[in-house]
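Reading through the structure tokens given below for one structure.
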Amino acid sequence: MPYIGAKELKASDIRRFDVTSSTSATHTLTWTPPTEQSLIVTINGIKQHEDAYSVSGTTLTLSSPLVATDKLEVIGINDIGTTITPAQNSVDTDKIVDDAVTAAKLNTTGTPSSSTFLRGDMAWTAVSDVSGLSSMQVFTSSGTWTKTEGITKVMVEVQGAGGSGSAHASNDTLTGGGSGGGYARKFLDVSSISTSTITVGAGGAGVLNAVGNAGGLSKWADGSNNVIGNGGNGATQAAYNCVVGGTATGGDVNIQGGCGTWFNYMKSTGGGSVLGHGGCGGYNTIADQDPTGYGGGSGGFYKSTTAAGTDGIVIVMEYK
């Protein structure tokens, strides 16, 4: 009878072996007994003391050989905790015992290790590729993007350059800030793309007593995709005029640069961008504040030279 902590034996836990017409002392059982004590051995119905036989693996050895008229009967009990490993594709659910499945119990090829994984075809295979963000290439000047080995996708960020503010020698209402460059972001599958031409725009040059200069565009061009952040506009010398920011095209996200403002008591500030800030304007001999980051427009200046807009940038984040 089972009790708490014990396992009830089933018919499948009991093994039986019969021999007749044998004159041998050794006999091969059909299972592997854990100990001599797990066996009940009888000869002609008489139970044998455990000193009269020994067991090693599946081999039962009697202390004396049988005679031809003897009938040997062996009944074996599988002790609780004994693990039976079934043959491949021959699982009997009544014979399954709780046990951890280890690599040694699987019919696999290859060598299991901390750097291999088991494929569906039961082959241990080296981990040679891990998906996700892998590397990044940053372009602050024009050049060529060349795909890194194993890369399948990229996130491209393109920031156009900022325009410069205008300056005037005698009328402060004719000064204004340059606008910020446009910004585009695009996610691309580059499985069939190996290179792309990168253009990085230069910031609009500063001026003295003149209208501002536009910033240059920045661009990703792989032959199939054109992702463009146009440069910001240079400020005019029209009274109280505001110049709009550079546009962007070809991205999943396209953001126009910020406007440059005309001269007022807060000065003529340049327009900002997604990756930069516009600079402040100045009055007479008061120094202006240069734009920062990438794609920022410079402020306008009264009676002095304006600063240049900041250059653009192209950022390529690479994924496996």
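We label chains A, B, ... in the order they appear in the structure tokens, count residues from 1 in each chain, and number ligands from 1 in the order shown.
Using only C-alpha atoms, the residues found no farther than 6 Å from range 307-316 of chain A, other than those of its own chain fewer than 2 positions away, are Met136, Gln137, Val138, Phe139, Thr140, Met155, Val156, Glu157, Val158, Gln159, Gly160, Ala161, Gly162, Gly163, Ser164, Val200, Gly201, Ala202, Gly203, Gly204, Ala205, Gly206, Tyr294, Gly295, Gly296, Gly297 and Ser298 of chain A.
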Got a sec: who's within 10 Å of range 244-259 of chain A, counting only C-alpha atoms, leaving out chain neighbours fewer than 6 positions off, as a PyMOL selection string? chain A and resi 156-163+177-188+214-220+225-235+269-278+295-297
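For Trp262 in chain A, the residues within 6 Å (counting only C-alpha atoms, excluding itself and residues fewer than 3 positions away along the chain) are Gly176, Tyr240, Asn241, Cys242 and Ser268 of chain A.
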Please return as number ranges by chain: the residues of range 157-308 of chain A that backbone DSSP assigns to strand (DSSP E). A: 157-159, 167-168, 183-189, 195-199, 218-221, 226-229, 248-249, 253-255, 276-277, 282-283, 292-293, 301-302
